[in-house]
Amino acid sequence: MSIRQKQDEIVSEFALFDDWMQKYEYMIELGKSLPLISENNKTDDNIIKGCQSKVWLHAELIKEKINFTADSDAIITKGIIAILLRVFSGHHPKEIIESDTEFIDKIGLKEHLSPSRANGLGSMIKQLKMYAIAYQTKLS
Amino acid sequence: MSIRQKQDEIVSEFALFDDWMQKYEYMIELGKSLPLISENNKTDDNIIKGCQSKVWLHAELIKEKINFTADSDAIITKGIIAILLRVFSGHHPKEIIESDTEFIDKIGLKEHLSPSRANGLGSMIKQLKMYAIAYQTKLS
Amino acid sequence: MFKENLNVKKIREDFPILKRIINGNNIIYLDNAATSQTPLQVINAISNYYKTTNANIHRGVHFLSQEATDLYEKTREKIRAHINARKSEEIILTSGTTHSINLVANGFESILKKGDELIVSELEHHANIVPWQMLSEKTGALLRVLPMKKDGTLNLDSYKSVLNNRTKVVFVNHVSNALGIINPVKEIIRLAHKFDAAVLIDGAQATPHLITNVTDLDADFYTTSAHKICGPTGIGMLYGKEEWLKKLPPYQGGGEMIDQVTFEKTTYADIPHKFEAGTPNIAGAVGFGAAIDYINKIGFDFIESHEKDLLKNATDQLRKITGMKIYGDIENKVPVISFNVDKVHHYDLGTILDKMGIAVRTGQHCCQPIMDFYGINGTVRASFAFYNTHREVDMFVNGVKKAVKMLL
Amino acid sequence: MFKENLNVKKIREDFPILKRIINGNNIIYLDNAATSQTPLQVINAISNYYKTTNANIHRGVHFLSQEATDLYEKTREKIRAHINARKSEEIILTSGTTHSINLVANGFESILKKGDELIVSELEHHANIVPWQMLSEKTGALLRVLPMKKDGTLNLDSYKSVLNNRTKVVFVNHVSNALGIINPVKEIIRLAHKFDAAVLIDGAQATPHLITNVTDLDADFYTTSAHKICGPTGIGMLYGKEEWLKKLPPYQGGGEMIDQVTFEKTTYADIPHKFEAGTPNIAGAVGFGAAIDYINKIGFDFIESHEKDLLKNATDQLRKITGMKIYGDIENKVPVISFNVDKVHHYDLGTILDKMGIAVRTGQHCCQPIMDFYGINGTVRASFAFYNTHREVDMFVNGVKKAVKMLL
Ligand SMILES: Cc1ncc(COP(=O)(O)O)c(C=O)c1O
Ligand SMILES: Cc1ncc(COP(=O)(O)O)c(C=O)c1O
């Protein structure tokens, strides 16, 4: 599935929720269930500075595709990370570079990516793109 | 005449004016006509720091009465000085200390005594009172 | 049980923002320690200023300039009266507490020598730490800590052992913004004065809740921000004893703070103008004055008693929640409650509460040392004001319960 | 003859204060260089902020805090676009020009060494002199003067002879507030850059009248105050090139400007936050943003052409008055006229004009060196804005004639 297709899929999934409660319950569930990053990659080097909830992001290039793993100490942040990884992990750097995050807006979680939001997700997406650019340079 | 009587006299004089023009023309006239201070008393020591128009004030105790002379480089300021000297000069320190300057308000020139006004008149009245207090201490 | 206070209903009419709908719910604003809401009386004072009087102040001979100057100076006098300072020249209008503290810390640069000591309490807001650290770096003066205790109060015994003849300045907040605890500043000042040390009291969190009397406290410096006491942003004040203000050099250079300027030599104006360089926040000062009038009209008797009830009601209910940990849970507080729930991240809790329209603050509250002390990286902080209701307290507690259930 | 511009009539509807009656006359406000008037669009933006959004910004997870942060950051971006800076991080929100300049001067304390040189123009406002004098005293750097000529322009030949390898900072205003003359700042910057000196341009009097392009000018720093361009008091900006802002240490310590705080060591946040300690003037920033929108809606094409007409009309008429002396009476000016009439004290003239409801400024205009240069102790300054009319110009000129007649 392409990044775009995955995004569309998530948008339709979220369309089923009636209210914010259901949506957040779902994200909390996602946050709880997913093993996101191996403990030895949860290093200070991999930390993205958000103010209140910490975010760790690790990237590896495997067969021209980037494998992202990540984690956070806050569960809602973790839920959104799960969604982001589902979309972006396992894709070619070029595809990641060319993609956008508009679907986050469509599923009504836009505020979480605001640069002023104290959860580091905005910076995480920036970092994710930076990895893609770095690996793209390496590949070409 | 007591300070109070002089003040009342000035208030009645000013009551004759129909508008600010007449009033200011009168003050300008006062400012122009009066010799206020002898040049050798126009020293830096006698300067009262106002921002824009300079005010010089000199005081002498003659037979238990204070004789004030003063000057300014601005003519309107000079006019008001003339009025103030007419009221306060030639009186016993005690009488000066006990007097107020409400008559300035009554003749509609209150704004000129405001501490924020850039003409030094507010400071001049303060200084005038300080002289009275100083001489009073000397006398008693 | 707490009965709704009927005055509050009327008071709330003054605050249009309290009718705002967030995520389908009427907002419940419990972030008052970050900034208080602004009543119409203050908003209108600012608008009217711009509609009728706006002009640059001081040294202007024209009517508007005089009128604007009078309004500006009236605020200085209102502040003086409100905190019972001796002279209005002892009141400097600043852009807020942060500016006030930096002004003082900068001034001490010319006074301190290497080997001198400064004492900072462990409860301070970054605004009352960082400027002094910068000063300490510049001067070589040593920064020593007045430690806190587990219950959130200051350890006065340790304070006594840290104080000595080398102590030059002590800086402590009157009320801690992270915990809400009222500190024994009068005693802290008394002890410091034995060693001739100056004391700066950061009153940012005190002035919204208590009447301050700087003369009774014998404080050398006292600061606050208008935006915490129903006033506008961008304006605050510094009280300083005349002797001290005369001793400190000016902070910023510019218009209004000078006497004479030549390229060879510049001489400065007297206090308070020496510290008020440039065009001040005149409209902000007008709003600050209106805010002081407003809170005095509400009255601190009412404010203190109603807020005490709100605090008790909220604390009693929160304590019953399993896993609840309130930091600094003592009697002598303003209505601020800083807490965590076991296994719940403060950020998650704040996020869910926000979805319910309940505004609280989460994180470190600019008090990293307190967080380090407790070994946590943040708390949820609910802070109340006199316009909050018991119904809001109940909804907040229910919100916390519901959120915890979702998150666990 | 000048015909009244029909747009102006409509524009004046935005400014309620212009209907104010002073001493029985409709006010004629010609003190725009001191502070401009505020349109309803800006007043309402501020009121609405307090009525709907007021909250402390940054790091708040709740809705209002996010919304307030967005509004605040939007202003930063509006300023960036308006002055054509490359990045919004290069825009620091300050409390005004004075604060901006002090921030930069303070930052250079850690960079300058004894023997380094600073160049100040003789035309500067005290705000662009005193902070550098303070810096010069602290660092031992030498303050050298870029002199002015009789006609009020800067002497670029002398400038070239003063510039050298030791020159570290040059500071010049874009437009002189006392004379209104537009200085050749692009050339001044070009010459300074040959010696790797940084240039700070004080744009307080330029931004109300001209479109500024900091990238085209290649300015290292550029400053202005919102209250001079239809915005509120207590807010202004500093533009700084990224390289410079990263190099300068923070100015004030406090909340928001830090990364980590412990008593042992504090690390600072990135630009722009490093320079924005404490709760900023959020409502002021909102008003600043609205002011930029407003003046752009009016349009600088219109502003420049209408103001040019006003200036020509007023200058032509004033020149005919016997004893009239206009300082800096050249073509390349914004609509500011600084003058004296032979044997008349500026203070007297200003006072009589005020009685007629005409607001002008009198005195030194915070530019003592210019006054010293001309050997005077003040001038009368009439400064116009795009909302002034030719009828006002006529009434002002008549007022001057009448006042002079009274005073002579
Ligand atoms: C050229 C110039 N620079 C600096 C300033 C100071 O601006 P502010 O008082 O807004 O800080 C002014 C305003 O009077 C000015 O005209
Ligand atoms: C105790 C304390 N000190 C200082 C400050 C800083 O105040 P401001 O941000 O208004 O400068 C605050 C506000 O958060 C505070 O709570």
# chains A, B, ... in the order shown; residues from 1 in each chain; ligands from 1
$ closest_atom_pairs --of "chain C" --to "chain D" --cutoff "7 Å" --atoms "only C-alpha atoms" --output "CSV"
residue,atom,partner,partner_atom,distance
C:Pro16,CA,D:Lys51,CA,5.3
C:Ile17,CA,D:Lys51,CA,4.8
C:Arg20,CA,D:Thr52,CA,6.7
C:Ala34,CA,D:Asn56,CA,5.8
C:Thr35,CA,D:Asn56,CA,5.7
C:Gln37,CA,D:Asn54,CA,6.8
C:Thr38,CA,D:Tyr50,CA,6.2
C:Ile43,CA,D:Ser47,CA,6.0
C:Ser47,CA,D:Ile43,CA,6.0
C:Tyr50,CA,D:Thr38,CA,6.2
C:Lys51,CA,D:Ile17,CA,4.8
C:Thr52,CA,D:Ile17,CA,4.9
C:Asn54,CA,D:Gln37,CA,6.8
C:Ala55,CA,D:Thr35,CA,6.0
C:Asn56,CA,D:Thr35,CA,5.7
C:Gly60,CA,D:Arg361,CA,6.1
C:Val61,CA,D:Thr351,CA,6.3
C:His62,CA,D:Asp354,CA,5.2
C:Phe63,CA,D:Asp354,CA,6.6
C:Thr98,CA,D:Gly278,CA,5.4
C:Asn102,CA,D:Gln252,CA,6.1
C:His126,CA,D:Gly254,CA,5.0
C:Ala127,CA,D:Gly254,CA,3.6
C:Asn128,CA,D:Gly254,CA,7.0
C:Val130,CA,D:Gly253,CA,4.8
C:Pro131,CA,D:Gly253,CA,4.6
C:Thr233,CA,D:Asn281,CA,4.8
C:Gly234,CA,D:Asn281,CA,3.9
C:Gln252,CA,D:Asn102,CA,6.0
C:Gly253,CA,D:Pro131,CA,4.6
C:Gly254,CA,D:Ala127,CA,3.5
C:Gly255,CA,D:His126,CA,5.4
C:Val261,CA,D:Gln368,CA,6.1
C:Thr262,CA,D:Pro369,CA,6.1
C:Ala277,CA,D:Thr98,CA,6.9
C:Gly278,CA,D:Thr98,CA,5.4
C:Pro280,CA,D:Gly234,CA,6.0
C:Asn281,CA,D:Gly234,CA,3.9
C:Ile282,CA,D:Thr233,CA,6.1
C:Ala283,CA,D:Thr233,CA,6.2
C:Gly350,CA,D:Val61,CA,6.7
C:Thr351,CA,D:Val61,CA,6.3
C:Asp354,CA,D:His62,CA,5.2
C:Ala359,CA,D:His62,CA,5.4
C:Val360,CA,D:His62,CA,6.9
C:Arg361,CA,D:Gly60,CA,6.1
C:Cys366,CA,D:Gly255,CA,5.9
C:Gln368,CA,D:Val261,CA,6.1
C:Pro369,CA,D:Thr262,CA,6.1
$ write_last_selection --atoms "C-alpha atoms" --output "PDB file, in the first residue's frame"
ATOM      1  CA  PRO C  16     -17.263  37.415  28.434  1.00  0.00           C
ATOM      2  CA  ILE C  17     -14.670  34.702  27.812  1.00  0.00           C
ATOM      3  CA  ARG C  20     -16.864  30.511  25.403  1.00  0.00           C
ATOM      4  CA  ALA C  34      -0.760  31.179  34.164  1.00  0.00           C
ATOM      5  CA  THR C  35      -2.932  34.168  33.372  1.00  0.00           C
ATOM      6  CA  GLN C  37      -9.139  36.448  32.731  1.00  0.00           C
ATOM      7  CA  THR C  38      -9.892  40.050  31.933  1.00  0.00           C
ATOM      8  CA  ILE C  43     -11.070  45.779  28.360  1.00  0.00           C
ATOM      9  CA  SER C  47     -10.427  50.583  24.330  1.00  0.00           C
ATOM     10  CA  TYR C  50      -7.256  54.335  22.404  1.00  0.00           C
ATOM     11  CA  LYS C  51     -10.535  55.931  21.364  1.00  0.00           C
ATOM     12  CA  THR C  52     -10.152  59.133  23.348  1.00  0.00           C
ATOM     13  CA  ASN C  54      -3.948  57.872  23.042  1.00  0.00           C
ATOM     14  CA  ALA C  55      -0.748  59.956  22.980  1.00  0.00           C
ATOM     15  CA  ASN C  56       2.838  59.629  23.963  1.00  0.00           C
ATOM     16  CA  GLY C  60       4.334  66.670  25.735  1.00  0.00           C
ATOM     17  CA  VAL C  61       2.706  70.072  26.034  1.00  0.00           C
ATOM     18  CA  HIS C  62      -0.459  69.111  24.213  1.00  0.00           C
ATOM     19  CA  PHE C  63      -3.711  68.162  25.821  1.00  0.00           C
ATOM     20  CA  THR C  98      10.293  38.790  34.404  1.00  0.00           C
ATOM     21  CA  ASN C 102      15.933  41.181  35.417  1.00  0.00           C
ATOM     22  CA  HIS C 126      12.610  30.211  36.301  1.00  0.00           C
ATOM     23  CA  ALA C 127      12.060  33.967  36.134  1.00  0.00           C
ATOM     24  CA  ASN C 128      13.511  34.217  39.644  1.00  0.00           C
ATOM     25  CA  VAL C 130      17.857  32.461  35.552  1.00  0.00           C
ATOM     26  CA  PRO C 131      18.493  36.234  35.884  1.00  0.00           C
ATOM     27  CA  THR C 233      -0.487  41.537  29.189  1.00  0.00           C
ATOM     28  CA  GLY C 234       2.774  43.409  28.737  1.00  0.00           C
ATOM     29  CA  GLN C 252      17.809  50.051  29.752  1.00  0.00           C
ATOM     30  CA  GLY C 253      19.014  53.199  28.037  1.00  0.00           C
ATOM     31  CA  GLY C 254      16.727  55.405  25.975  1.00  0.00           C
ATOM     32  CA  GLY C 255      14.274  58.261  26.021  1.00  0.00           C
ATOM     33  CA  VAL C 261      22.780  63.341  26.649  1.00  0.00           C
ATOM     34  CA  THR C 262      25.981  64.170  24.877  1.00  0.00           C
ATOM     35  CA  ALA C 277      13.334  53.963  29.216  1.00  0.00           C
ATOM     36  CA  GLY C 278      11.338  54.479  26.045  1.00  0.00           C
ATOM     37  CA  PRO C 280       6.024  52.608  28.069  1.00  0.00           C
ATOM     38  CA  ASN C 281       2.996  50.388  27.657  1.00  0.00           C
ATOM     39  CA  ILE C 282       0.654  53.298  28.303  1.00  0.00           C
ATOM     40  CA  ALA C 283      -2.574  51.515  27.388  1.00  0.00           C
ATOM     41  CA  GLY C 350      -4.486  17.544  30.543  1.00  0.00           C
ATOM     42  CA  THR C 351      -5.304  16.592  26.971  1.00  0.00           C
ATOM     43  CA  ASP C 354      -9.113  19.931  27.455  1.00  0.00           C
ATOM     44  CA  ALA C 359      -8.429  24.214  30.874  1.00  0.00           C
ATOM     45  CA  VAL C 360      -5.644  23.218  33.251  1.00  0.00           C
ATOM     46  CA  ARG C 361      -1.901  23.570  32.887  1.00  0.00           C
ATOM     47  CA  CYS C 366       8.653  26.809  34.825  1.00  0.00           C
ATOM     48  CA  GLN C 368      12.222  22.491  37.047  1.00  0.00           C
ATOM     49  CA  PRO C 369      13.961  22.418  40.449  1.00  0.00           C
TER      50      PRO C 369
END
$ interface_residues --of "chain A" --to "chain C" --cutoff "7 Å" --atoms "only C-alpha atoms" --output "PDB file with C-alpha atoms, in the first residue's frame"
ATOM      1  CA  GLU A  25     -10.226   5.809  23.358  1.00  0.00           C
ATOM      2  CA  ILE A  28      -5.198   5.222  23.778  1.00  0.00           C
ATOM      3  CA  GLN A  52       6.172  17.642  28.373  1.00  0.00           C
ATOM      4  CA  SER A  53       5.895  14.273  26.735  1.00  0.00           C
ATOM      5  CA  ALA A  74       2.534   9.773  27.213  1.00  0.00           C
ATOM      6  CA  ILE A  75      -0.089   7.389  25.954  1.00  0.00           C
ATOM      7  CA  ILE A  76      -1.969   9.754  23.661  1.00  0.00           C
TER       8      ILE A  76
END
$ atom_distance --atom1 "CA of Leu142 (chain D)" --atom2 "CA of Val169 (chain D)"
10.7 Å
$ select_by_dssp --residues "region 167-352 of chain C" --states "strand (DSSP E)" --output "PyMOL selection string"
chain C and resi 167-173+198-202+221-225+236-240+258-261+266-268+324-327+336-341
$ write_last_selection --atoms "N, CA and C atoms" --output "short mmCIF file (atom, residue, chain, number, x, y, z; two decimals), in the first residue's frame"
data_model
loop_
_atom_site.label_atom_id
_atom_site.label_comp_id
_atom_site.auth_asym_id
_atom_site.auth_seq_id
_atom_site.Cartn_x
_atom_site.Cartn_y
_atom_site.Cartn_z
N THR C 167 26.11 37.16 52.35
CA THR C 167 24.83 37.16 51.63
C THR C 167 24.45 38.58 51.24
N LYS C 168 24.21 38.79 49.95
CA LYS C 168 23.87 40.14 49.50
C LYS C 168 22.42 40.27 49.05
N VAL C 169 21.91 39.23 48.40
CA VAL C 169 20.51 39.28 47.97
C VAL C 169 19.85 37.91 48.18
N VAL C 170 18.62 37.94 48.64
CA VAL C 170 17.81 36.74 48.80
C VAL C 170 16.57 36.93 47.94
N PHE C 171 16.19 35.91 47.16
CA PHE C 171 15.00 36.08 46.32
C PHE C 171 14.11 34.86 46.44
N VAL C 172 12.89 35.14 46.79
CA VAL C 172 11.92 34.10 47.14
C VAL C 172 10.57 34.55 46.64
N ASN C 173 9.77 33.60 46.16
CA ASN C 173 8.42 34.02 45.81
C ASN C 173 7.51 34.04 47.03
N ALA C 198 19.67 42.33 50.88
CA ALA C 198 18.42 42.80 50.28
C ALA C 198 17.55 41.59 49.94
N VAL C 199 16.24 41.77 50.02
CA VAL C 199 15.35 40.66 49.67
C VAL C 199 14.38 41.09 48.58
N LEU C 200 14.35 40.29 47.54
CA LEU C 200 13.37 40.50 46.48
C LEU C 200 12.29 39.45 46.62
N ILE C 201 11.04 39.92 46.70
CA ILE C 201 9.91 38.99 46.78
C ILE C 201 9.18 39.00 45.44
N ASP C 202 9.11 37.83 44.82
CA ASP C 202 8.37 37.67 43.58
C ASP C 202 6.91 37.43 43.95
N PHE C 221 12.45 44.68 47.53
CA PHE C 221 11.88 44.69 46.19
C PHE C 221 10.67 43.77 46.17
N TYR C 222 9.70 44.14 45.39
CA TYR C 222 8.51 43.29 45.26
C TYR C 222 8.02 43.43 43.82
N THR C 223 7.64 42.32 43.21
CA THR C 223 7.27 42.37 41.79
C THR C 223 5.92 41.71 41.54
N THR C 224 5.25 42.17 40.49
CA THR C 224 4.11 41.39 40.01
C THR C 224 3.81 41.74 38.55
N SER C 225 2.92 40.93 37.95
CA SER C 225 2.49 41.11 36.56
C SER C 225 1.00 41.40 36.55
N GLY C 236 3.61 45.30 34.14
CA GLY C 236 3.77 44.78 35.49
C GLY C 236 4.46 45.84 36.31
N MET C 237 4.90 45.48 37.48
CA MET C 237 5.52 46.51 38.30
C MET C 237 6.65 45.95 39.13
N LEU C 238 7.51 46.87 39.51
CA LEU C 238 8.57 46.60 40.47
C LEU C 238 8.45 47.63 41.57
N TYR C 239 8.28 47.15 42.79
CA TYR C 239 8.43 48.05 43.92
C TYR C 239 9.87 47.93 44.40
N GLY C 240 10.49 49.03 44.71
CA GLY C 240 11.83 48.99 45.29
C GLY C 240 11.93 50.10 46.32
N ILE C 258 16.70 59.80 30.80
CA ILE C 258 17.92 60.58 30.84
C ILE C 258 17.66 61.99 31.36
N ASP C 259 18.73 62.62 31.75
CA ASP C 259 18.67 64.02 32.11
C ASP C 259 19.32 64.80 30.97
N GLN C 260 20.59 64.52 30.72
CA GLN C 260 21.33 65.18 29.64
C GLN C 260 22.04 64.12 28.81
N VAL C 261 22.05 64.27 27.50
CA VAL C 261 22.78 63.34 26.65
C VAL C 261 23.76 64.09 25.76
N THR C 266 26.47 61.09 29.60
CA THR C 266 25.02 61.12 29.76
C THR C 266 24.70 61.04 31.24
N THR C 267 23.78 61.88 31.69
CA THR C 267 23.35 61.78 33.08
C THR C 267 21.89 61.33 33.11
N TYR C 268 21.55 60.62 34.16
CA TYR C 268 20.25 59.98 34.20
C TYR C 268 19.23 60.76 35.02
N MET C 324 -4.25 9.30 43.63
CA MET C 324 -4.07 10.76 43.60
C MET C 324 -2.91 11.17 44.48
N LYS C 325 -2.04 12.03 43.92
CA LYS C 325 -0.93 12.58 44.71
C LYS C 325 -0.95 14.10 44.51
N ILE C 326 -1.26 14.82 45.59
CA ILE C 326 -1.24 16.28 45.52
C ILE C 326 0.08 16.76 46.11
N TYR C 327 0.78 17.62 45.37
CA TYR C 327 2.07 18.13 45.84
C TYR C 327 1.85 19.41 46.64
N VAL C 336 -4.47 26.77 44.34
CA VAL C 336 -3.71 26.10 43.29
C VAL C 336 -3.53 24.65 43.73
N ILE C 337 -3.84 23.72 42.86
CA ILE C 337 -3.64 22.31 43.19
C ILE C 337 -2.81 21.65 42.11
N SER C 338 -1.65 21.15 42.53
CA SER C 338 -0.72 20.52 41.61
C SER C 338 -0.75 19.03 41.93
N PHE C 339 -1.04 18.20 40.94
CA PHE C 339 -1.20 16.78 41.28
C PHE C 339 -0.83 15.86 40.12
N ASN C 340 -0.68 14.60 40.46
CA ASN C 340 -0.56 13.54 39.48
C ASN C 340 -1.42 12.38 39.93
N VAL C 341 -1.78 11.53 38.98
CA VAL C 341 -2.47 10.30 39.32
C VAL C 341 -1.55 9.16 38.91
#
$ residues_around --residues "region 86-99 of chain B" --least-positions-apart "3" --cutoff "9 Å" --atoms "only C-alpha atoms" --output "ChimeraX atom specification"
/B:2-7,10,59,61-69,81-83,128-136,139
$ decode --residues "region 124-132 of chain C" --atoms "all heavy atoms" --output "PDB file, in the first residue's frame"
ATOM      1  N   GLU C 124      11.508  28.468  43.359  1.00  0.00           N
ATOM      2  CA  GLU C 124      11.333  29.595  42.444  1.00  0.00           C
ATOM      3  C   GLU C 124      10.939  29.211  41.017  1.00  0.00           C
ATOM      4  O   GLU C 124      11.302  28.163  40.498  1.00  0.00           O
ATOM      5  CB  GLU C 124      12.611  30.444  42.402  1.00  0.00           C
ATOM      6  CG  GLU C 124      12.946  31.093  43.728  1.00  0.00           C
ATOM      7  CD  GLU C 124      11.741  31.757  44.380  1.00  0.00           C
ATOM      8  OE1 GLU C 124      11.197  32.692  43.802  1.00  0.00           O
ATOM      9  OE2 GLU C 124      11.335  31.310  45.479  1.00  0.00           O
ATOM     10  N   HIS C 125      10.217  30.136  40.431  1.00  0.00           N
ATOM     11  CA  HIS C 125       9.919  30.127  39.001  1.00  0.00           C
ATOM     12  C   HIS C 125      11.221  30.458  38.262  1.00  0.00           C
ATOM     13  O   HIS C 125      12.059  31.197  38.788  1.00  0.00           O
ATOM     14  CB  HIS C 125       8.878  31.229  38.752  1.00  0.00           C
ATOM     15  CG  HIS C 125       8.326  31.300  37.379  1.00  0.00           C
ATOM     16  ND1 HIS C 125       9.006  31.868  36.330  1.00  0.00           N
ATOM     17  CD2 HIS C 125       7.141  30.883  36.868  1.00  0.00           C
ATOM     18  CE1 HIS C 125       8.257  31.819  35.233  1.00  0.00           C
ATOM     19  NE2 HIS C 125       7.124  31.220  35.534  1.00  0.00           N
ATOM     20  N   HIS C 126      11.382  29.929  37.064  1.00  0.00           N
ATOM     21  CA  HIS C 126      12.610  30.211  36.301  1.00  0.00           C
ATOM     22  C   HIS C 126      12.906  31.706  36.211  1.00  0.00           C
ATOM     23  O   HIS C 126      14.066  32.106  36.141  1.00  0.00           O
ATOM     24  CB  HIS C 126      12.522  29.601  34.900  1.00  0.00           C
ATOM     25  CG  HIS C 126      12.480  28.103  34.910  1.00  0.00           C
ATOM     26  ND1 HIS C 126      12.045  27.350  33.840  1.00  0.00           N
ATOM     27  CD2 HIS C 126      12.813  27.192  35.875  1.00  0.00           C
ATOM     28  CE1 HIS C 126      12.109  26.067  34.143  1.00  0.00           C
ATOM     29  NE2 HIS C 126      12.563  25.949  35.374  1.00  0.00           N
ATOM     30  N   ALA C 127      11.864  32.513  36.208  1.00  0.00           N
ATOM     31  CA  ALA C 127      12.060  33.967  36.134  1.00  0.00           C
ATOM     32  C   ALA C 127      12.840  34.495  37.327  1.00  0.00           C
ATOM     33  O   ALA C 127      13.485  35.541  37.247  1.00  0.00           O
ATOM     34  CB  ALA C 127      10.711  34.684  36.046  1.00  0.00           C
ATOM     35  N   ASN C 128      12.786  33.774  38.447  1.00  0.00           N
ATOM     36  CA  ASN C 128      13.511  34.217  39.644  1.00  0.00           C
ATOM     37  C   ASN C 128      14.737  33.348  39.906  1.00  0.00           C
ATOM     38  O   ASN C 128      15.288  33.341  40.996  1.00  0.00           O
ATOM     39  CB  ASN C 128      12.567  34.225  40.855  1.00  0.00           C
ATOM     40  CG  ASN C 128      12.971  35.242  41.920  1.00  0.00           C
ATOM     41  OD1 ASN C 128      13.745  36.156  41.645  1.00  0.00           O
ATOM     42  ND2 ASN C 128      12.466  35.065  43.134  1.00  0.00           N
ATOM     43  N   ILE C 129      15.153  32.619  38.887  1.00  0.00           N
ATOM     44  CA  ILE C 129      16.390  31.829  38.987  1.00  0.00           C
ATOM     45  C   ILE C 129      17.383  32.297  37.923  1.00  0.00           C
ATOM     46  O   ILE C 129      18.497  32.711  38.224  1.00  0.00           O
ATOM     47  CB  ILE C 129      16.119  30.313  38.776  1.00  0.00           C
ATOM     48  CG1 ILE C 129      15.116  29.781  39.805  1.00  0.00           C
ATOM     49  CG2 ILE C 129      17.435  29.527  38.864  1.00  0.00           C
ATOM     50  CD1 ILE C 129      14.700  28.333  39.577  1.00  0.00           C
ATOM     51  N   VAL C 130      16.933  32.247  36.670  1.00  0.00           N
ATOM     52  CA  VAL C 130      17.857  32.461  35.552  1.00  0.00           C
ATOM     53  C   VAL C 130      18.541  33.843  35.579  1.00  0.00           C
ATOM     54  O   VAL C 130      19.750  33.918  35.373  1.00  0.00           O
ATOM     55  CB  VAL C 130      17.155  32.184  34.201  1.00  0.00           C
ATOM     56  CG1 VAL C 130      18.148  32.318  33.054  1.00  0.00           C
ATOM     57  CG2 VAL C 130      16.518  30.797  34.199  1.00  0.00           C
ATOM     58  N   PRO C 131      17.801  34.939  35.864  1.00  0.00           N
ATOM     59  CA  PRO C 131      18.493  36.234  35.884  1.00  0.00           C
ATOM     60  C   PRO C 131      19.618  36.267  36.915  1.00  0.00           C
ATOM     61  O   PRO C 131      20.656  36.883  36.690  1.00  0.00           O
ATOM     62  CB  PRO C 131      17.391  37.230  36.271  1.00  0.00           C
ATOM     63  CG  PRO C 131      16.114  36.559  35.929  1.00  0.00           C
ATOM     64  CD  PRO C 131      16.353  35.087  36.115  1.00  0.00           C
ATOM     65  N   TRP C 132      19.416  35.579  38.028  1.00  0.00           N
ATOM     66  CA  TRP C 132      20.422  35.567  39.098  1.00  0.00           C
ATOM     67  C   TRP C 132      21.589  34.653  38.737  1.00  0.00           C
ATOM     68  O   TRP C 132      22.728  34.912  39.127  1.00  0.00           O
ATOM     69  CB  TRP C 132      19.769  35.132  40.404  1.00  0.00           C
ATOM     70  CG  TRP C 132      18.632  36.028  40.795  1.00  0.00           C
ATOM     71  CD1 TRP C 132      17.303  35.748  40.668  1.00  0.00           C
ATOM     72  CD2 TRP C 132      18.719  37.349  41.343  1.00  0.00           C
ATOM     73  NE1 TRP C 132      16.552  36.818  41.115  1.00  0.00           N
ATOM     74  CE2 TRP C 132      17.396  37.806  41.540  1.00  0.00           C
ATOM     75  CE3 TRP C 132      19.777  38.190  41.692  1.00  0.00           C
ATOM     76  CZ2 TRP C 132      17.113  39.062  42.063  1.00  0.00           C
ATOM     77  CZ3 TRP C 132      19.499  39.440  42.219  1.00  0.00           C
ATOM     78  CH2 TRP C 132      18.177  39.872  42.399  1.00  0.00           C
TER      79      TRP C 132
END
